[in-house]
Structures are given as C-alpha cells and as structure tokens.
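Pasting structure.txt here (compact mmCIF, C-alpha atoms):
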```txt
# COMPACT_ATOMS: atom_id res chain seq x y z
CA LEU Q 1 -25.58 20.39 -29.11
CA ASP Q 2 -25.77 18.38 -25.90
CA ILE Q 3 -24.33 17.93 -22.40
CA THR Q 4 -22.97 14.47 -21.63
CA PHE Q 5 -21.76 12.93 -18.37
CA GLU Q 6 -19.13 10.31 -17.61
CA PRO Q 7 -18.17 8.95 -14.17
CA GLY Q 8 -14.60 9.53 -13.01
CA ARG Q 9 -12.55 7.26 -10.74
CA THR Q 10 -14.23 8.58 -7.56
CA GLY Q 11 -17.74 8.35 -9.02
CA ALA Q 12 -18.20 12.06 -9.72
CA LEU Q 13 -19.87 12.67 -13.08
CA THR Q 14 -18.16 15.43 -15.03
CA PRO Q 15 -20.42 17.29 -17.49
CA THR Q 16 -19.03 17.94 -20.96
CA ALA Q 17 -20.51 20.24 -23.58
CA GLU Q 18 -20.75 18.73 -27.07
CA LEU Q 19 -20.24 21.55 -29.59
CA GLU Q 20 -20.49 22.15 -33.29
CA PRO Q 21 -16.80 21.91 -34.33
CA VAL Q 22 -15.05 25.28 -34.34
CA ARG Q 23 -11.43 26.31 -34.99
CA LEU Q 24 -9.87 27.79 -31.87
CA ALA Q 25 -6.20 28.68 -31.26
CA GLY Q 26 -4.90 26.27 -33.89
CA THR Q 27 -7.12 23.23 -33.25
CA THR Q 28 -10.69 22.10 -33.91
CA VAL Q 29 -12.77 22.08 -30.73
CA SER Q 30 -15.90 19.94 -30.47
CA ARG Q 31 -16.05 19.35 -26.69
CA ALA Q 32 -15.56 21.59 -23.65
CA THR Q 33 -15.47 20.69 -19.98
CA LEU Q 34 -18.09 22.24 -17.71
CA HIS Q 35 -16.26 21.13 -14.52
CA ASN Q 36 -19.39 20.68 -12.39
CA ILE Q 37 -23.17 20.98 -12.61
CA ASP Q 38 -23.26 24.32 -10.80
CA ILE Q 39 -21.52 25.92 -13.79
CA ILE Q 40 -24.38 24.81 -16.05
CA ARG Q 41 -26.80 26.72 -13.83
CA GLU Q 42 -24.54 29.73 -13.18
CA ARG Q 43 -23.81 30.27 -16.89
CA ASP Q 44 -27.44 29.66 -17.89
CA LEU Q 45 -26.59 27.04 -20.50
CA LYS Q 46 -29.33 25.48 -22.60
CA ILE Q 47 -29.26 22.80 -25.28
CA GLY Q 48 -29.13 24.66 -28.61
CA ASP Q 49 -27.38 27.74 -27.18
CA THR Q 50 -24.69 29.74 -28.90
CA VAL Q 51 -21.78 29.97 -26.45
CA VAL Q 52 -18.44 31.75 -26.05
CA VAL Q 53 -15.53 29.32 -25.81
CA ARG Q 54 -11.89 29.93 -24.91
CA LYS Q 55 -8.87 27.78 -24.11
CA ALA Q 56 -7.96 27.96 -20.43
CA GLY Q 57 -4.19 28.19 -20.19
CA ASP Q 58 -4.16 28.06 -24.02
CA ILE Q 59 -4.92 24.32 -23.76
CA ILE Q 60 -8.26 23.26 -22.23
CA PRO Q 61 -11.46 24.42 -24.00
CA GLU Q 62 -14.04 25.89 -21.63
CA ILE Q 63 -17.34 27.75 -22.00
CA ILE Q 64 -17.27 31.28 -20.60
CA ARG Q 65 -20.96 32.11 -21.09
CA SER Q 66 -24.02 31.64 -23.23
CA VAL Q 67 -25.23 34.28 -25.71
CA PRO Q 68 -28.93 34.79 -24.82
CA GLU Q 69 -29.48 37.39 -27.55
CA LYS Q 70 -28.95 34.69 -30.19
CA ARG Q 71 -31.69 32.42 -28.81
CA THR Q 72 -34.53 31.53 -31.20
CA GLY Q 73 -36.90 29.87 -28.73
CA ALA Q 74 -35.96 26.38 -29.88
CA GLU Q 75 -33.47 26.00 -27.03
CA ARG Q 76 -34.36 23.72 -24.13
CA ASP Q 77 -33.29 23.38 -20.50
CA PHE Q 78 -30.94 20.54 -19.73
CA ALA Q 79 -32.40 17.67 -17.72
CA PHE Q 80 -29.88 16.30 -15.24
CA PRO Q 81 -29.57 12.50 -15.38
CA GLU Q 82 -31.06 10.48 -12.52
CA LYS Q 83 -29.13 7.29 -13.25
CA CYS Q 84 -25.46 6.59 -13.99
CA PRO Q 85 -24.91 6.36 -17.78
CA SER Q 86 -22.42 3.54 -17.19
CA CYS Q 87 -24.04 1.19 -14.63
CA GLY Q 88 -27.62 2.49 -14.38
CA GLU Q 89 -27.50 3.00 -10.61
CA PRO Q 90 -29.32 6.02 -9.08
CA LEU Q 91 -27.14 9.14 -8.74
CA PHE Q 92 -26.48 11.15 -5.58
CA TYR Q 93 -26.07 14.93 -5.56
CA ASP Q 94 -22.98 15.70 -3.51
CA LYS Q 95 -22.83 19.34 -2.40
CA GLU Q 96 -19.41 18.96 -0.78
CA ALA Q 97 -16.65 21.06 -2.35
CA GLU Q 98 -13.85 18.96 -3.81
CA PHE Q 99 -10.44 19.92 -5.17
CA ASP Q 100 -9.08 18.01 -8.18
CA GLU Q 101 -5.29 18.15 -7.84
CA GLU Q 102 -4.68 17.09 -11.43
CA SER Q 103 -6.79 19.78 -13.10
CA GLY Q 104 -6.75 22.38 -10.34
CA ASN Q 105 -10.55 22.66 -10.51
CA VAL Q 106 -12.82 23.03 -7.49
CA SER Q 107 -16.12 21.18 -7.84
CA LEU Q 108 -18.85 22.95 -5.86
CA GLY Q 109 -21.45 20.28 -6.49
CA ALA Q 110 -21.30 16.95 -8.24
CA LEU Q 111 -23.58 14.18 -9.35
CA ARG Q 112 -21.99 11.03 -8.01
CA CYS Q 113 -22.39 7.32 -8.70
CA LEU Q 114 -21.94 5.43 -5.43
CA ASN Q 115 -21.56 2.01 -7.05
CA PRO Q 116 -17.90 0.95 -6.52
CA GLU Q 117 -18.32 -1.73 -9.22
CA CYS Q 118 -19.41 0.79 -11.86
CA PRO Q 119 -17.58 -0.19 -15.10
CA ALA Q 120 -16.65 3.41 -15.98
CA GLN Q 121 -15.22 4.03 -12.49
CA ARG Q 122 -13.16 0.86 -12.63
CA GLU Q 123 -11.72 1.86 -16.00
CA ARG Q 124 -10.88 5.39 -14.79
CA ARG Q 125 -9.22 3.93 -11.65
CA ILE Q 126 -7.01 1.71 -13.78
CA GLU Q 127 -6.12 4.63 -16.07
CA HIS Q 128 -5.20 6.68 -13.01
CA PHE Q 129 -3.14 3.85 -11.49
CA VAL Q 130 -0.92 3.46 -14.57
CA SER Q 131 -0.60 7.23 -15.25
CA ARG Q 132 2.65 9.18 -15.05
CA GLY Q 133 1.89 10.82 -11.71
CA ALA Q 134 1.01 7.45 -10.16
CA MET Q 135 2.69 4.10 -11.03
CA ASN Q 136 4.02 5.57 -14.30
CA ILE Q 137 3.68 2.42 -16.44
CA GLU Q 138 4.98 3.73 -19.75
CA GLY Q 139 3.06 2.65 -22.85
CA MET Q 140 -0.09 1.77 -20.96
CA GLY Q 141 -2.43 4.54 -22.04
CA GLU Q 142 -6.21 4.86 -22.18
CA LYS Q 143 -6.61 2.91 -25.45
CA LEU Q 144 -4.59 -0.05 -24.21
CA VAL Q 145 -6.43 -0.09 -20.86
CA SER Q 146 -9.74 -0.07 -22.74
CA GLN Q 147 -8.61 -2.98 -24.93
CA LEU Q 148 -7.43 -5.02 -21.95
CA ILE Q 149 -10.77 -4.56 -20.18
CA GLU Q 150 -12.75 -5.32 -23.35
CA LYS Q 151 -10.79 -8.56 -23.88
CA GLY Q 152 -11.34 -9.60 -20.26
CA LEU Q 153 -7.62 -9.54 -19.47
CA ILE Q 154 -7.96 -7.12 -16.55
CA SER Q 155 -10.83 -5.91 -14.39
CA SER Q 156 -8.90 -4.17 -11.57
CA VAL Q 157 -5.47 -2.67 -10.99
CA GLY Q 158 -4.27 -5.84 -9.32
CA ASP Q 159 -4.76 -7.77 -12.58
CA ILE Q 160 -2.11 -5.64 -14.31
CA TYR Q 161 0.65 -7.61 -12.60
CA SER Q 162 -0.67 -10.92 -13.96
CA LEU Q 163 -0.35 -9.83 -17.60
CA ARG Q 164 2.04 -11.76 -19.86
CA GLU Q 165 3.69 -10.82 -23.14
CA GLU Q 166 1.46 -13.26 -25.06
CA ASP Q 167 -1.64 -11.51 -23.63
CA LEU Q 168 -0.52 -8.24 -25.18
CA GLU Q 169 0.81 -9.49 -28.52
CA GLY Q 170 -2.67 -10.31 -29.82
CA LEU Q 171 -3.98 -6.80 -29.25
CA GLU Q 172 -4.47 -4.12 -31.90
CA ARG Q 173 -1.22 -2.38 -32.93
CA MET Q 174 0.77 -4.40 -30.43
CA GLY Q 175 3.89 -6.20 -31.64
CA LYS Q 176 6.28 -8.38 -29.70
CA LYS Q 177 8.72 -5.55 -28.98
CA SER Q 178 5.97 -3.30 -27.62
CA ALA Q 179 4.64 -6.15 -25.49
CA VAL Q 180 8.11 -6.80 -24.05
CA ASN Q 181 8.55 -3.09 -23.24
CA ILE Q 182 5.18 -2.83 -21.49
CA ILE Q 183 5.76 -5.92 -19.36
CA ALA Q 184 9.16 -4.47 -18.42
CA ALA Q 185 7.47 -1.17 -17.45
CA ILE Q 186 4.91 -3.07 -15.36
CA ASN Q 187 7.68 -4.92 -13.50
CA GLU Q 188 9.63 -1.69 -13.01
CA SER Q 189 6.58 -0.03 -11.45
CA LYS Q 190 6.67 -2.57 -8.61
CA THR Q 191 9.55 -0.64 -7.04
CA ARG Q 192 7.81 2.75 -6.97
CA GLY Q 193 7.31 2.32 -3.22
CA GLY Q 194 4.62 3.28 -0.77
CA ALA Q 195 4.76 6.90 -1.89
CA ARG Q 196 2.55 5.70 -4.76
CA LEU Q 197 -0.38 5.53 -2.36
CA PHE Q 198 -1.73 8.24 -4.68
CA ALA Q 199 -2.07 5.56 -7.40
CA LEU Q 200 -4.91 3.87 -5.51
CA GLY Q 201 -7.15 6.80 -6.44
CA ILE Q 202 -8.62 7.41 -2.99
CA ARG Q 203 -11.02 10.34 -2.97
CA HIS Q 204 -9.52 13.57 -1.53
CA ILE Q 205 -5.99 12.08 -1.47
CA GLY Q 206 -3.73 13.80 -3.97
CA ALA Q 207 -0.01 13.31 -4.42
CA GLY Q 208 0.88 15.66 -1.54
CA ALA Q 209 -1.47 14.03 0.97
CA ALA Q 210 -0.29 10.56 -0.09
CA GLU Q 211 3.34 11.52 0.48
CA ALA Q 212 2.54 13.02 3.90
CA LEU Q 213 0.74 9.84 4.99
CA ILE Q 214 3.53 7.51 3.85
CA SER Q 215 6.10 9.72 5.59
CA GLU Q 216 4.12 9.42 8.82
CA PHE Q 217 3.06 5.74 8.75
CA GLY Q 218 5.76 4.14 6.62
CA SER Q 219 3.54 1.81 4.56
CA ILE Q 220 0.17 1.51 2.89
CA ARG Q 221 -0.74 -1.40 5.19
CA ALA Q 222 -0.01 0.74 8.27
CA ILE Q 223 -2.30 3.47 6.93
CA ALA Q 224 -4.97 0.85 6.24
CA SER Q 225 -4.81 -0.21 9.92
CA ALA Q 226 -5.02 3.35 11.26
CA SER Q 227 -8.21 5.01 12.47
CA ALA Q 228 -9.60 8.19 10.95
CA GLU Q 229 -8.49 10.02 14.11
CA ASP Q 230 -4.89 8.78 13.72
CA ILE Q 231 -4.84 9.80 10.06
CA ALA Q 232 -6.30 13.25 10.83
CA ALA Q 233 -3.48 13.81 13.34
CA VAL Q 234 -0.95 13.92 10.48
CA PRO Q 235 0.06 17.53 9.65
CA ASP Q 236 -1.81 18.99 6.64
CA ILE Q 237 -4.35 16.12 6.61
CA GLY Q 238 -7.89 17.28 7.35
CA GLU Q 239 -10.83 15.37 8.79
CA ILE Q 240 -12.55 14.90 5.42
CA THR Q 241 -9.40 13.40 3.89
CA ALA Q 242 -8.87 11.18 6.94
CA GLU Q 243 -12.45 9.91 6.87
CA SER Q 244 -12.18 9.24 3.13
CA ALA Q 245 -8.98 7.21 3.62
CA ALA Q 246 -10.44 5.23 6.53
CA ALA Q 247 -13.62 4.52 4.55
CA PHE Q 248 -11.61 3.31 1.55
CA PHE Q 249 -9.46 0.94 3.59
CA SER Q 250 -12.50 -0.42 5.46
CA LEU Q 251 -13.81 -1.96 2.23
CA PRO Q 252 -13.11 -5.69 1.72
CA SER Q 253 -12.17 -4.91 -1.90
CA SER Q 254 -9.41 -2.55 -0.67
CA ALA Q 255 -7.97 -5.20 1.64
CA ALA Q 256 -8.02 -7.68 -1.25
CA LEU Q 257 -6.29 -5.14 -3.49
CA ILE Q 258 -3.42 -4.59 -1.02
CA ASP Q 259 -3.01 -8.37 -0.67
CA ALA Q 260 -2.94 -8.76 -4.46
CA LEU Q 261 -0.36 -5.99 -4.94
CA GLU Q 262 1.93 -7.37 -2.24
CA ALA Q 263 1.56 -10.92 -3.62
CA ALA Q 264 2.64 -9.58 -7.03
CA GLY Q 265 5.77 -8.07 -5.48
CA VAL Q 266 4.65 -4.44 -5.51
CA VAL Q 267 6.48 -2.46 -2.83
CA THR Q 268 3.90 -0.85 -0.53
CA GLU Q 269 6.36 0.60 1.94
CA GLY Q 270 8.07 3.97 1.93
CA ALA Q 271 10.62 5.74 4.06
CA LYS Q 272 9.23 7.31 7.23
CA SER Q 273 10.39 10.89 7.48
CA GLU Q 274 13.13 11.55 9.99
CA LYS Q 275 13.59 15.15 11.01
CA VAL Q 276 17.22 16.27 10.77
CA SER Q 277 16.60 19.79 12.04
CA GLN Q 278 14.05 22.61 12.04
CA ASP Q 279 16.19 24.89 9.86
CA PHE Q 280 13.41 25.35 7.29
CA ASP Q 281 10.51 25.50 9.74
CA GLY Q 282 7.77 27.77 8.36
CA MET Q 283 9.43 28.01 4.93
CA THR Q 284 7.91 26.95 1.60
CA PHE Q 285 10.11 26.04 -1.37
CA VAL Q 286 9.39 25.52 -5.06
CA LEU Q 287 11.68 23.38 -7.23
CA THR Q 288 12.21 24.12 -10.92
CA GLY Q 289 14.65 22.91 -13.54
CA THR Q 290 17.05 19.97 -13.26
CA LEU Q 291 19.45 19.46 -10.34
CA SER Q 292 22.72 17.66 -11.13
CA SER Q 293 23.39 16.25 -7.65
CA MET Q 294 19.96 14.83 -6.80
CA THR Q 295 16.45 14.25 -8.07
CA ARG Q 296 13.55 16.55 -7.21
CA ASP Q 297 12.14 13.88 -4.90
CA GLU Q 298 15.45 13.73 -3.04
CA ALA Q 299 15.58 17.53 -2.79
CA SER Q 300 12.00 17.57 -1.48
CA ALA Q 301 12.93 14.98 1.16
CA GLU Q 302 15.88 17.13 2.28
CA ILE Q 303 13.60 20.14 2.67
CA LYS Q 304 10.92 18.24 4.59
CA ALA Q 305 13.52 16.62 6.84
CA ARG Q 306 14.37 20.15 7.99
CA GLY Q 307 10.78 21.18 8.67
CA GLY Q 308 10.12 22.92 5.35
CA LYS Q 309 7.32 22.48 2.82
CA VAL Q 310 7.47 21.98 -0.94
CA SER Q 311 4.89 23.54 -3.24
CA SER Q 312 4.27 23.06 -6.95
CA SER Q 313 3.43 26.70 -7.63
CA VAL Q 314 5.08 30.06 -6.96
CA SER Q 315 3.25 32.77 -5.00
CA LYS Q 316 4.12 35.77 -2.84
CA LYS Q 317 4.15 33.38 0.14
CA THR Q 318 6.92 31.26 -1.39
CA SER Q 319 10.10 31.52 0.71
CA ALA Q 320 12.48 30.58 -2.11
CA VAL Q 321 12.62 28.99 -5.53
CA ILE Q 322 15.41 26.44 -6.04
CA ALA Q 323 16.39 26.77 -9.69
CA GLY Q 324 18.31 24.06 -11.50
CA ALA Q 325 19.36 23.85 -15.15
CA GLU Q 326 16.76 24.83 -17.77
CA ALA Q 327 14.43 26.39 -15.20
CA GLY Q 328 11.26 27.64 -16.85
CA SER Q 329 8.11 29.62 -16.09
CA LYS Q 330 8.37 29.16 -12.30
CA LEU Q 331 11.69 31.01 -12.33
CA THR Q 332 10.16 33.78 -14.43
CA LYS Q 333 7.25 34.13 -12.02
CA ALA Q 334 9.58 34.15 -9.00
CA ASN Q 335 11.54 37.03 -10.51
CA SER Q 336 8.36 38.96 -11.31
CA LEU Q 337 7.10 38.55 -7.72
CA GLY Q 338 10.46 39.33 -6.15
CA VAL Q 339 10.70 35.85 -4.59
CA ARG Q 340 14.19 34.75 -3.54
CA VAL Q 341 15.89 32.46 -6.09
CA ILE Q 342 18.72 30.17 -5.06
CA GLY Q 343 20.89 27.93 -7.20
CA GLU Q 344 21.86 24.32 -6.61
CA ALA Q 345 25.23 25.15 -5.01
CA GLU Q 346 23.60 27.47 -2.45
CA PHE Q 347 20.92 24.88 -1.69
CA LEU Q 348 23.59 22.21 -1.06
CA THR Q 349 25.32 24.58 1.34
CA MET Q 350 22.04 25.19 3.16
CA ILE Q 351 21.53 21.46 3.75
CA GLY Q 352 25.19 20.88 4.70
CA ARG Q 353 26.22 18.88 1.64
```
Rendering of file as structure tokens:
Amino acid sequence: LDITFEPGRTGALTPTAELEPVRLAGTTVSRATLHNIDIIRERDLKIGDTVVVRKAGDIIPEIIRSVPEKRTGAERDFAFPEKCPSCGEPLFYDKEAEFDEESGNVSLGALRCLNPECPAQRERRIEHFVSRGAMNIEGMGEKLVSQLIEKGLISSVGDIYSLREEDLEGLERMGKKSAVNIIAAINESKTRGGARLFALGIRHIGAGAAEALISEFGSIRAIASASAEDIAAVPDIGEITAESAAAFFSLPSSAALIDALEAAGVVTEGAKSEKVSQDFDGMTFVLTGTLSSMTRDEASAEIKARGGKVSSSVSKKTSAVIAGAEAGSKLTKANSLGVRVIGEAEFLTMIGR
C-alpha cells in the first residue's frame, strides 16, 4: 500500500512496507521491514505491488520479492523522501555499510537525518537507553517514554533521573505502585557501571565495542577525552568506530549529558581489564544456559582476562561452548557442528577456581 520511513536513534531512516493485512504463521501482518533503501531497488518494489512475505526466523515479517506478473499498470514507483518526516530537515544519502547489532542486519545504503535535535531521533535514543540491553530500566517501555515526552517531563536521557513518583502517577494506566517500581528501577540503573556505554547509542558502537572500550579506558569520561587514534588502538575497534566515538564526544551536548548523568549519581566507570594469563589466547567461547557459580558477565570477564574472546553465536570457528543448566539452541548447534562443549565444572578447573 505504501512505504513509510522513520528515523532511528542514529538518524538512519528505516523503510517499512505497509501491507494489506494478511494471516501469516499465526499472526496478522500489516507491516514488514525493508531494512534499507537498496532492498527497495533490488527487489523492484512498487506501490500497489503484490509481494511475497515470510517471517525471518519465524518472527520478523520481511518481503522476499514482488510478483511482477500480477501487475495491472496502476502500480507506481516509490519516490524517496527528500526531507525528514519528523523534523523536516534535508536528508543525506549515506552509502557507508553499517551493521545493526540488535537486528543483525547490514545496511548497504541509508537515508539519514543529520539533525541531532530531531524529535524522532531523541525519542529513539531514550528508548534505547532504557532498554534491556542498555540501562535495563524495567517498566519503562516505548509507550511510557512517548507519554513522558508528550507531557514535557523528559526531553533527553539525562532527564530520566529527575523523574519523581508524582510525575508518573498522573499518566495513563499508571498507579502509585507502578510509579514506585519504575522510580526504583531508575535508581537501580545508576549502578550499571561504565560498561553501559552502549546505552548512549553512539553510532557503530554495539555492546561488544562498548565493553572493549570500557575495559581499556576504565570510564566513559576517559573515553570522551581520548583521541580517535587512541580509541582505534584498542583491539577489535576499527577506524570508523573510533572516529564515530570521537565525533560523538566532541559535541557540547555529549559533554553536558555526561555531566548530567554523573550529577544524578549514575556510575560511569567500569573495571579496566587486567590480564591474568594468555591461556585462552586465540580462542573464542560461547556461553549458554545458566551457571551456578557466576553470572555470564563474570564468566566473560574470566575468559577475556586470559586472552580469550566471547561470541554470542556458535560457528565452526568457535573453540568451545560453555554450557550451563537449561542450555538451549546454542548447545544444539554446537553438537551439530562438532564444536567442543564443556560444562561448568570443567570451565572452573580451566580458570583455576
């Protein structure tokens, strides 16, 4: 029916296909992601087309192709927007490839809004900041963030730490108990530590890069003071990522944000990595299931302290999968690929505990 665009937290506009509702794998689908504008061209999509849709990973609807033989002549080519639908600023076509760690998608070309004050970008940045993989503020989902912005209670992530229970109680479907729980979750998030650099939503910096930078520099403020060359010298951090980080921290708004977070009592420091040995040098581990003696973060730290790497996915290059209780699909894949599987007791022996 149409192709709509909405800016994400880094300004990239993600195209979405608006579809006539159709039942697919147990749910009604009316929208499907197109990932990037190159896909619209590659799959020859026109407004009014009949298309083939599937669920990627049995979850995310996506368009595989158009069906040209069903065209009637009434279809029309899609005109790419020239201005941001949120702030009205001119758009820039960014040909640089970009990896989205959350979705696993590679964008080969993106329309981008370069206005850092774009309302849609600000909202997406706040949603990212409070999300589970970032500051993990439980109960603060997209609808609540939208309400808080609409009511003028927050306009940036720093404002979250100025919220009071009475601010929340007047909102839709928000009782006193819920307000108390959310304020408690906000206060708890202050202790997440500098490893939550990822929460700032810096372009090109996913959870892995954020952890590597904190391990090297020890705090967000130290990273902010580093040059692009110093940042690029960190293992597994490339020049593009380093330049993106340096550009972000050069903005006055970023300096003000760090000041605001520290003034609110948010911990912006993390533990610098200290190498114990090189026992795991050149090895890549994948963690799955629940360990009884330590958290996954603690297990990851033990591996990295011995020169090893931790990956989120199993492949033929994986050295070993550490399987705890209730291990799932990663264990199954390891067995199918013939990857070594070790239990918690063996892992503890390997690290001398």
Problem set entry | Nearest residue to Ala12 in chain Q from the set Q:Ile342, Q:Ala224, Q:Cys113, Q:Ile205 (distances using only C-alpha atoms) | Q:Cys113
Taking (0.8, -8.7, -20.1) in the file's coordinates as the center, which residues reach within 9 Å of it, counting only C-alpha atoms, put as a compact mmCIF listing (two decimals) with C-alpha atoms, in the coordinates of the input?
```
# COMPACT_ATOMS: atom_id res chain seq x y z
CA LEU Q 153 -7.62 -9.54 -19.47
CA ILE Q 160 -2.11 -5.64 -14.31
CA TYR Q 161 0.65 -7.61 -12.60
CA SER Q 162 -0.67 -10.92 -13.96
CA LEU Q 163 -0.35 -9.83 -17.60
CA ARG Q 164 2.04 -11.76 -19.86
CA GLU Q 165 3.69 -10.82 -23.14
CA GLU Q 166 1.46 -13.26 -25.06
CA ASP Q 167 -1.64 -11.51 -23.63
CA LEU Q 168 -0.52 -8.24 -25.18
CA GLU Q 169 0.81 -9.49 -28.52
CA ALA Q 179 4.64 -6.15 -25.49
CA VAL Q 180 8.11 -6.80 -24.05
CA ILE Q 182 5.18 -2.83 -21.49
CA ILE Q 183 5.76 -5.92 -19.36
CA ILE Q 186 4.91 -3.07 -15.36
```
Distance table requested - range 100-195 of chain Q against range 248-256 of chain Q, cut-off 12 Å, all atoms listed in the file: one row per qualifying residue with the closest atom pair and its distance in Å to one decimal, ordered by chain and rising residue number, as a tab-separated table.
```
residue	atom	partner	partner_atom	distance
Q:Pro116	CA	Q:Ser253	CA	9.4
Q:Glu117	CA	Q:Ser253	CA	10.1
Q:Ser156	CA	Q:Ser253	CA	10.2
Q:Val157	CA	Q:Ser254	CA	11.0
Q:Gly158	CA	Q:Ala256	CA	9.1
Q:Asp159	CA	Q:Ala256	CA	11.8
```
For this session: Give me, please, the distance in Å between CA of Lys333 in chain Q and CA of Ser315 in chain Q, quoted to one decimal.
Result: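 Between CA of Lys333 in chain Q and CA of Ser315 in chain Q the gap works out to 8.2 Å.
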For this session: For each of Q:Ser219, Q:Thr4, Q:Gln147, Q:Thr28, take the minimum atom-to-atom distance to Pro61 in chain Q, counting only C-alpha atoms, then give the residue where this is smallest.
Result: Q:Thr28
Exercise. So which residues touch range 237-240 of chain Q within 9 Å, counting only C-alpha atoms, skipping near sequence neighbours fewer than 2 positions away, as a PyMOL selection string?
Worked result: chain Q and resi 204+209+212-213+228-229+231-235+242-245
For this session: Please indicate the distance in Å from CA of Ile351 in chain Q to CA of Val339 in chain Q, rounded to one decimal place.
Result: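 Taking CA of Ile351 in chain Q and CA of Val339 in chain Q, their separation equals 19.8 Å.
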For this session: Please provide the set of residues having any atom within 12 Å of Cys87 in chain Q, restricted to all atoms listed in the file, with same-chain residues fewer than 2 positions apart removed, written as a list of chain:residue names.
Result: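 Counting all atoms listed in the file, the residues come to Q:Glu6, Q:Pro7, Q:Gly11, Q:Glu82, Q:Lys83, Q:Cys84, Q:Pro85, Q:Glu89, Q:Pro90, Q:Leu91, Q:Cys113, Q:Leu114, Q:Asn115, Q:Pro116, Q:Glu117, Q:Cys118, Q:Pro119, Q:Ala120, Q:Gln121, Q:Arg122.
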Repaired coordinates for range 57-64 of chain Q (all heavy atoms) as a short mmCIF file (atom, residue, chain, number, x, y, z; two decimals), in the coordinates of the input:
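And here is the file that came out, rebuild.cif:
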```cif
data_model
loop_
_atom_site.label_atom_id
_atom_site.label_comp_id
_atom_site.auth_asym_id
_atom_site.auth_seq_id
_atom_site.Cartn_x
_atom_site.Cartn_y
_atom_site.Cartn_z
N GLY Q 57 -5.61 28.49 -20.14
CA GLY Q 57 -4.19 28.19 -20.19
C GLY Q 57 -3.71 27.87 -21.59
O GLY Q 57 -2.70 27.18 -21.77
N ASP Q 58 -4.47 28.33 -22.61
CA ASP Q 58 -4.16 28.06 -24.02
C ASP Q 58 -4.24 26.58 -24.36
O ASP Q 58 -3.72 26.15 -25.39
CB ASP Q 58 -2.77 28.60 -24.39
CG ASP Q 58 -2.69 30.12 -24.30
OD1 ASP Q 58 -3.71 30.75 -24.60
OD2 ASP Q 58 -1.63 30.64 -23.93
N ILE Q 59 -4.88 25.76 -23.51
CA ILE Q 59 -4.92 24.32 -23.76
C ILE Q 59 -6.33 23.75 -23.66
O ILE Q 59 -6.82 23.13 -24.59
CB ILE Q 59 -4.00 23.57 -22.76
CG1 ILE Q 59 -2.54 24.02 -22.94
CG2 ILE Q 59 -4.11 22.06 -22.96
CD1 ILE Q 59 -1.60 23.45 -21.91
N ILE Q 60 -6.99 23.95 -22.52
CA ILE Q 60 -8.26 23.26 -22.23
C ILE Q 60 -9.45 24.12 -22.64
O ILE Q 60 -9.65 25.20 -22.10
CB ILE Q 60 -8.35 22.91 -20.74
CG1 ILE Q 60 -7.15 22.06 -20.32
CG2 ILE Q 60 -9.66 22.18 -20.44
CD1 ILE Q 60 -7.06 21.82 -18.83
N PRO Q 61 -10.28 23.64 -23.59
CA PRO Q 61 -11.46 24.42 -24.00
C PRO Q 61 -12.46 24.52 -22.85
O PRO Q 61 -12.74 23.53 -22.16
CB PRO Q 61 -12.04 23.59 -25.15
CG PRO Q 61 -10.93 22.71 -25.61
CD PRO Q 61 -10.12 22.42 -24.39
N GLU Q 62 -13.00 25.71 -22.64
CA GLU Q 62 -14.04 25.89 -21.63
C GLU Q 62 -15.04 26.93 -22.10
O GLU Q 62 -14.71 27.83 -22.87
CB GLU Q 62 -13.44 26.30 -20.28
CG GLU Q 62 -12.83 27.68 -20.26
CD GLU Q 62 -12.41 28.12 -18.85
OE1 GLU Q 62 -12.65 27.37 -17.90
OE2 GLU Q 62 -11.85 29.22 -18.73
N ILE Q 63 -16.28 26.81 -21.64
CA ILE Q 63 -17.34 27.75 -22.00
C ILE Q 63 -17.36 28.88 -20.98
O ILE Q 63 -17.47 28.64 -19.78
CB ILE Q 63 -18.70 27.04 -22.04
CG1 ILE Q 63 -18.73 26.07 -23.22
CG2 ILE Q 63 -19.83 28.05 -22.16
CD1 ILE Q 63 -20.00 25.27 -23.33
N ILE Q 64 -17.24 30.11 -21.48
CA ILE Q 64 -17.27 31.28 -20.60
C ILE Q 64 -18.71 31.67 -20.27
O ILE Q 64 -19.05 31.93 -19.12
CB ILE Q 64 -16.56 32.48 -21.26
CG1 ILE Q 64 -15.12 32.13 -21.62
CG2 ILE Q 64 -16.61 33.70 -20.34
CD1 ILE Q 64 -14.44 33.21 -22.43
#
```
